[in-house]
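S.K.: The structure follows.
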Amino acid sequence: EIIRMMNERMARGDVPLNLNATGMVANAYLYSGQQQLRDWVLEYVDAWKERAETNGGIMPDNVGLSGIIGEYMDGKWWGGYYGWRWPHGFITIIEPLVNAASNAVLLTGDMERLNVARDQLDRNWELRKTVNGRSSVPYKHTDAGWTDYRPADPFIPIHLWFISMADEDLERIRRIGLDESSLEITIPGVSGTSAETNKSTKHYNGNTVPWFQYMQGNNPGYPERILDANYRLIGNQLHKMRSPEGDPEEWRSDGFNLEDLSSIHKWQEMCPVYFEGLLQTTLGAPMHISHGGLQHASVRYYDGVRQRPGLPEDVGALVESISSGSLMLQLVNLSLFERKEVIVQAGAFGEHRF
């Protein structure tokens, strides 16, 4: 009965989560140059911007096939698939908006395209209240109104700031109030949660905030600490892979197991590939937002001798700081005998200029 009702209400129409599809279409445009692909991304982002404006400024989480907000939800703008009533709530509203807005900026160079995400962050912040001495914002909206107040997360405004390097986005981070915990390194544990800090690390991007603090000059030992943490994590993961637990033949493959929900994440939990620290330090960027975000970056490297992407063997790179008009980058040749040639590109997609 629950599945029947969900199909009735949620299997038709549009939801903000679909904005993540702009990543695939933007990627196709970068390869093909087909104008209709670029236009589709911009028109789709504009469509959701218009829906928020129609809804009094708050992003609705469901739109019917006729374009009416709440068409299959008895007129309610909340309650859609992965929407305001979902366990993740605001997270699955704002993340697709940031991904899509960043794609629109990439395709146009127009920083005003970020406003569709900025507006939702600001409206969410306006609804804040103090809980246990901390400014907390609502993550859900139900029939009873706004609920599930939690401390505001700087993760999203950091991504906006990285795209824009604008003072207004820097202020969106600072208004949250970063404390000593923002310097802590997080190591993923079982089921995507760090055993040390209890922070969510499901998408292996749990160290965006301490990286941002490093970029601000407030966390000078971060490069050494994050690489050490990554090294230990890879060791832990390899140990798990080589244990009886790491035998894929023992993992369930006959469908969803209600008695062992962790089985559906087994592939993820056993993965030894963890590159957040390397990405942050070498590319000077936060790791992409999961579920469709493109990997934006300050710089990208190519091996000038072997004519391939990536740093040459025995070359180390560290982006020490970034701002709206400058970038500090260290390149080190670790080889005792060979000369190296590195091509440094401005931006992951060549969208910037030196």
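By convention in this document, the chains of the structure tokens carry letters A, B, ... by their order, each chain's residues are numbered from 1, and ligands are numbered from 1 in the order they are shown.
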Compile the contact shell of Gln216 of chain A as a PyMOL selection string: residues with an atom at most 9 Å away, counting only C-alpha atoms, same-chain residues fewer than 5 positions apart removed.
M.R.: chain A and resi 211+321-322
S.K.: Skipping near chain neighbours, those fewer than 2 positions away, what residues fall within 8 Å of segment 21-25 of chain A using only C-alpha atoms, listed as a list in words?
M.R.: Asn18, Leu19, Asn27, Ala28, Tyr29, Leu37, Arg38, Trp40, Val41, Asn99, Ala100, Asn103, Gly292, Gly293 and Leu294 of chain A
S.K.: Let's have the selection written as a PDB file, in the first residue's frame, with C-alpha atoms.
M.R.:
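This is the output file again-v1.pdb:
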ATOM      1  CA  ASN A  18      16.781  15.923 -10.989  1.00  0.00           C
ATOM      2  CA  LEU A  19      18.911  19.090 -11.223  1.00  0.00           C
ATOM      3  CA  ASN A  27      29.685  17.292 -19.599  1.00  0.00           C
ATOM      4  CA  ALA A  28      28.199  16.330 -22.966  1.00  0.00           C
ATOM      5  CA  TYR A  29      28.286  19.977 -24.062  1.00  0.00           C
ATOM      6  CA  LEU A  37      22.823  21.006 -24.616  1.00  0.00           C
ATOM      7  CA  ARG A  38      24.047  24.287 -23.131  1.00  0.00           C
ATOM      8  CA  TRP A  40      18.960  22.824 -21.840  1.00  0.00           C
ATOM      9  CA  VAL A  41      21.097  23.253 -18.719  1.00  0.00           C
ATOM     10  CA  ASN A  99      25.597  21.472  -8.636  1.00  0.00           C
ATOM     11  CA  ALA A 100      23.267  22.922 -11.259  1.00  0.00           C
ATOM     12  CA  ASN A 103      27.261  24.103 -14.095  1.00  0.00           C
ATOM     13  CA  GLY A 292      26.309  14.472 -10.054  1.00  0.00           C
ATOM     14  CA  GLY A 293      28.557  17.396  -9.220  1.00  0.00           C
ATOM     15  CA  LEU A 294      31.399  18.053 -11.656  1.00  0.00           C
TER      16      LEU A 294
END
S.K.: Which of these, A:Asn219, A:Ser135, A:Asn207, A:Gln237, has the shortest distance to Gln280 of chain A once you count only C-alpha atoms?
M.R.: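 That would be A:Asn207, the residue with the smallest distance to Gln280 of chain A.
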S.K.: Hey, can you check how far atom CA of Met10 of chain A sits from atom CA of Asp61 of chain A?
M.R.: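 Value for the atom CA of Met10 of chain A-atom CA of Asp61 of chain A distance: 10.3 Å.
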S.K.: Using only C-alpha atoms, which residues sit within 12 Å of Arg118 of chain A once same-chain residues fewer than 4 positions away are excluded, as a ChimeraX atom specification?
M.R.: /A:49,57-59,94-95,97-98,101-102,111-114,122-125,156-161,164,166,168-173
S.K.: Within 8 Å of Tyr139 of chain A, counting only C-alpha atoms, which residues qualify if same-chain residues fewer than 5 places away don't, as a ChimeraX atom specification?
M.R.: /A:84,88-91,146-150
S.K.: Export, as a compact mmCIF listing (two decimals), in the first residue's frame, the selected residues with N, CA, C and O atoms.
M.R.:
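Below is the file out06.txt, written as the result:
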# COMPACT_ATOMS: atom_id res chain seq x y z
N TRP A 84 11.45 17.77 1.11
CA TRP A 84 11.49 18.39 2.42
C TRP A 84 11.10 17.45 3.56
O TRP A 84 11.48 17.66 4.70
N HIS A 88 16.83 13.29 4.64
CA HIS A 88 17.90 14.26 4.39
C HIS A 88 17.37 15.69 4.32
O HIS A 88 18.12 16.63 4.56
N GLY A 89 16.12 15.83 3.93
CA GLY A 89 15.50 17.15 3.90
C GLY A 89 16.25 18.17 3.06
O GLY A 89 16.48 17.97 1.86
N PHE A 90 16.62 19.27 3.68
CA PHE A 90 17.24 20.41 3.01
C PHE A 90 18.48 20.01 2.20
O PHE A 90 18.77 20.61 1.17
N ILE A 91 19.19 19.00 2.66
CA ILE A 91 20.42 18.59 1.98
C ILE A 91 20.13 18.21 0.53
O ILE A 91 20.86 18.61 -0.39
N TRP A 146 7.90 23.93 9.76
CA TRP A 146 9.34 23.71 9.77
C TRP A 146 9.75 22.92 11.00
O TRP A 146 9.28 23.17 12.11
N THR A 147 10.69 21.98 10.79
CA THR A 147 11.10 21.11 11.89
C THR A 147 12.51 20.58 11.63
O THR A 147 13.16 20.95 10.65
N ASP A 148 12.99 19.70 12.49
CA ASP A 148 14.31 19.08 12.40
C ASP A 148 15.41 20.15 12.34
O ASP A 148 16.18 20.21 11.38
N TYR A 149 15.46 20.96 13.38
CA TYR A 149 16.48 22.02 13.44
C TYR A 149 17.83 21.42 13.82
O TYR A 149 17.95 20.69 14.80
N ARG A 150 18.84 21.74 13.00
CA ARG A 150 20.20 21.27 13.24
C ARG A 150 21.17 22.43 13.00
O ARG A 150 20.82 23.40 12.31
S.K.: Just the strand (DSSP E or B) stuff from segment 55-259 of chain A, please, per backbone DSSP, written as a ChimeraX atom specification.
M.R.: /A:63,69,129-131,134-142,145-151,193,200
S.K.: Using only N, CA, C and O atoms, please write the residues we just selected to a file, as a PDB file, in the first residue's frame.
M.R.:
ATOM      1  N   VAL A  63       6.697  18.943  -8.450  1.00  0.00           N
ATOM      2  CA  VAL A  63       5.953  19.649  -9.492  1.00  0.00           C
ATOM      3  C   VAL A  63       5.323  18.601 -10.391  1.00  0.00           C
ATOM      4  O   VAL A  63       5.990  17.646 -10.806  1.00  0.00           O
ATOM      5  N   ILE A  69       2.759  23.151  -8.983  1.00  0.00           N
ATOM      6  CA  ILE A  69       3.438  22.753  -7.751  1.00  0.00           C
ATOM      7  C   ILE A  69       2.452  22.007  -6.857  1.00  0.00           C
ATOM      8  O   ILE A  69       1.328  22.453  -6.638  1.00  0.00           O
ATOM      9  N   LYS A 129      16.916  29.290  14.522  1.00  0.00           N
ATOM     10  CA  LYS A 129      16.662  29.583  15.919  1.00  0.00           C
ATOM     11  C   LYS A 129      17.799  28.990  16.744  1.00  0.00           C
ATOM     12  O   LYS A 129      18.569  28.149  16.250  1.00  0.00           O
ATOM     13  N   THR A 130      17.929  29.434  17.966  1.00  0.00           N
ATOM     14  CA  THR A 130      19.025  28.966  18.811  1.00  0.00           C
ATOM     15  C   THR A 130      18.636  27.671  19.516  1.00  0.00           C
ATOM     16  O   THR A 130      17.603  27.615  20.190  1.00  0.00           O
ATOM     17  N   VAL A 131      19.439  26.641  19.320  1.00  0.00           N
ATOM     18  CA  VAL A 131      19.223  25.345  19.967  1.00  0.00           C
ATOM     19  C   VAL A 131      20.520  24.970  20.682  1.00  0.00           C
ATOM     20  O   VAL A 131      21.568  24.851  20.051  1.00  0.00           O
ATOM     21  N   ARG A 134      23.441  27.180  19.909  1.00  0.00           N
ATOM     22  CA  ARG A 134      23.964  27.272  18.546  1.00  0.00           C
ATOM     23  C   ARG A 134      22.856  27.653  17.572  1.00  0.00           C
ATOM     24  O   ARG A 134      21.700  27.257  17.729  1.00  0.00           O
ATOM     25  N   SER A 135      23.217  28.420  16.558  1.00  0.00           N
ATOM     26  CA  SER A 135      22.259  28.774  15.519  1.00  0.00           C
ATOM     27  C   SER A 135      21.949  27.530  14.693  1.00  0.00           C
ATOM     28  O   SER A 135      22.850  26.927  14.097  1.00  0.00           O
ATOM     29  N   SER A 136      20.684  27.137  14.682  1.00  0.00           N
ATOM     30  CA  SER A 136      20.257  25.936  13.978  1.00  0.00           C
ATOM     31  C   SER A 136      19.183  26.284  12.963  1.00  0.00           C
ATOM     32  O   SER A 136      18.372  27.188  13.187  1.00  0.00           O
ATOM     33  N   VAL A 137      19.207  25.567  11.852  1.00  0.00           N
ATOM     34  CA  VAL A 137      18.267  25.835  10.762  1.00  0.00           C
ATOM     35  C   VAL A 137      17.396  24.606  10.523  1.00  0.00           C
ATOM     36  O   VAL A 137      17.786  23.486  10.839  1.00  0.00           O
ATOM     37  N   PRO A 138      16.187  24.801   9.966  1.00  0.00           N
ATOM     38  CA  PRO A 138      15.303  23.651   9.728  1.00  0.00           C
ATOM     39  C   PRO A 138      15.740  22.855   8.504  1.00  0.00           C
ATOM     40  O   PRO A 138      16.041  23.414   7.461  1.00  0.00           O
ATOM     41  N   TYR A 139      15.769  21.543   8.655  1.00  0.00           N
ATOM     42  CA  TYR A 139      16.119  20.666   7.543  1.00  0.00           C
ATOM     43  C   TYR A 139      14.878  20.037   6.921  1.00  0.00           C
ATOM     44  O   TYR A 139      14.971  19.458   5.843  1.00  0.00           O
ATOM     45  N   LYS A 140      13.734  20.137   7.588  1.00  0.00           N
ATOM     46  CA  LYS A 140      12.527  19.512   7.057  1.00  0.00           C
ATOM     47  C   LYS A 140      11.333  20.456   7.158  1.00  0.00           C
ATOM     48  O   LYS A 140      11.301  21.351   8.014  1.00  0.00           O
ATOM     49  N   HIS A 141      10.353  20.196   6.287  1.00  0.00           N
ATOM     50  CA  HIS A 141       9.051  20.846   6.378  1.00  0.00           C
ATOM     51  C   HIS A 141       7.987  19.770   6.220  1.00  0.00           C
ATOM     52  O   HIS A 141       7.983  19.018   5.243  1.00  0.00           O
ATOM     53  N   THR A 142       7.104  19.676   7.205  1.00  0.00           N
ATOM     54  CA  THR A 142       6.012  18.699   7.178  1.00  0.00           C
ATOM     55  C   THR A 142       4.691  19.432   7.276  1.00  0.00           C
ATOM     56  O   THR A 142       4.648  20.666   7.238  1.00  0.00           O
ATOM     57  N   GLY A 145       4.708  22.149   9.705  1.00  0.00           N
ATOM     58  CA  GLY A 145       5.578  23.303   9.500  1.00  0.00           C
ATOM     59  C   GLY A 145       7.041  22.935   9.521  1.00  0.00           C
ATOM     60  O   GLY A 145       7.421  21.772   9.320  1.00  0.00           O
ATOM     61  N   TRP A 146       7.896  23.929   9.760  1.00  0.00           N
ATOM     62  CA  TRP A 146       9.337  23.705   9.772  1.00  0.00           C
ATOM     63  C   TRP A 146       9.752  22.916  11.002  1.00  0.00           C
ATOM     64  O   TRP A 146       9.284  23.173  12.106  1.00  0.00           O
ATOM     65  N   THR A 147      10.689  21.978  10.788  1.00  0.00           N
ATOM     66  CA  THR A 147      11.105  21.114  11.893  1.00  0.00           C
ATOM     67  C   THR A 147      12.513  20.576  11.627  1.00  0.00           C
ATOM     68  O   THR A 147      13.156  20.952  10.648  1.00  0.00           O
ATOM     69  N   ASP A 148      12.987  19.696  12.493  1.00  0.00           N
ATOM     70  CA  ASP A 148      14.307  19.080  12.403  1.00  0.00           C
ATOM     71  C   ASP A 148      15.408  20.146  12.339  1.00  0.00           C
ATOM     72  O   ASP A 148      16.183  20.214  11.382  1.00  0.00           O
ATOM     73  N   TYR A 149      15.456  20.961  13.384  1.00  0.00           N
ATOM     74  CA  TYR A 149      16.475  22.016  13.444  1.00  0.00           C
ATOM     75  C   TYR A 149      17.826  21.425  13.820  1.00  0.00           C
ATOM     76  O   TYR A 149      17.954  20.692  14.798  1.00  0.00           O
ATOM     77  N   ARG A 150      18.844  21.735  13.001  1.00  0.00           N
ATOM     78  CA  ARG A 150      20.204  21.271  13.242  1.00  0.00           C
ATOM     79  C   ARG A 150      21.167  22.432  13.001  1.00  0.00           C
ATOM     80  O   ARG A 150      20.816  23.402  12.310  1.00  0.00           O
ATOM     81  N   PRO A 151      22.385  22.350  13.541  1.00  0.00           N
ATOM     82  CA  PRO A 151      23.358  23.413  13.269  1.00  0.00           C
ATOM     83  C   PRO A 151      23.586  23.574  11.772  1.00  0.00           C
ATOM     84  O   PRO A 151      23.658  22.598  11.024  1.00  0.00           O
ATOM     85  N   THR A 193      30.279   6.769   8.408  1.00  0.00           N
ATOM     86  CA  THR A 193      30.348   7.661   9.557  1.00  0.00           C
ATOM     87  C   THR A 193      31.696   7.497  10.241  1.00  0.00           C
ATOM     88  O   THR A 193      32.154   6.388  10.463  1.00  0.00           O
ATOM     89  N   SER A 200      29.261  12.578   9.193  1.00  0.00           N
ATOM     90  CA  SER A 200      28.905  11.780   8.025  1.00  0.00           C
ATOM     91  C   SER A 200      30.031  11.839   7.004  1.00  0.00           C
ATOM     92  O   SER A 200      30.508  12.910   6.644  1.00  0.00           O
TER      93      SER A 200
END
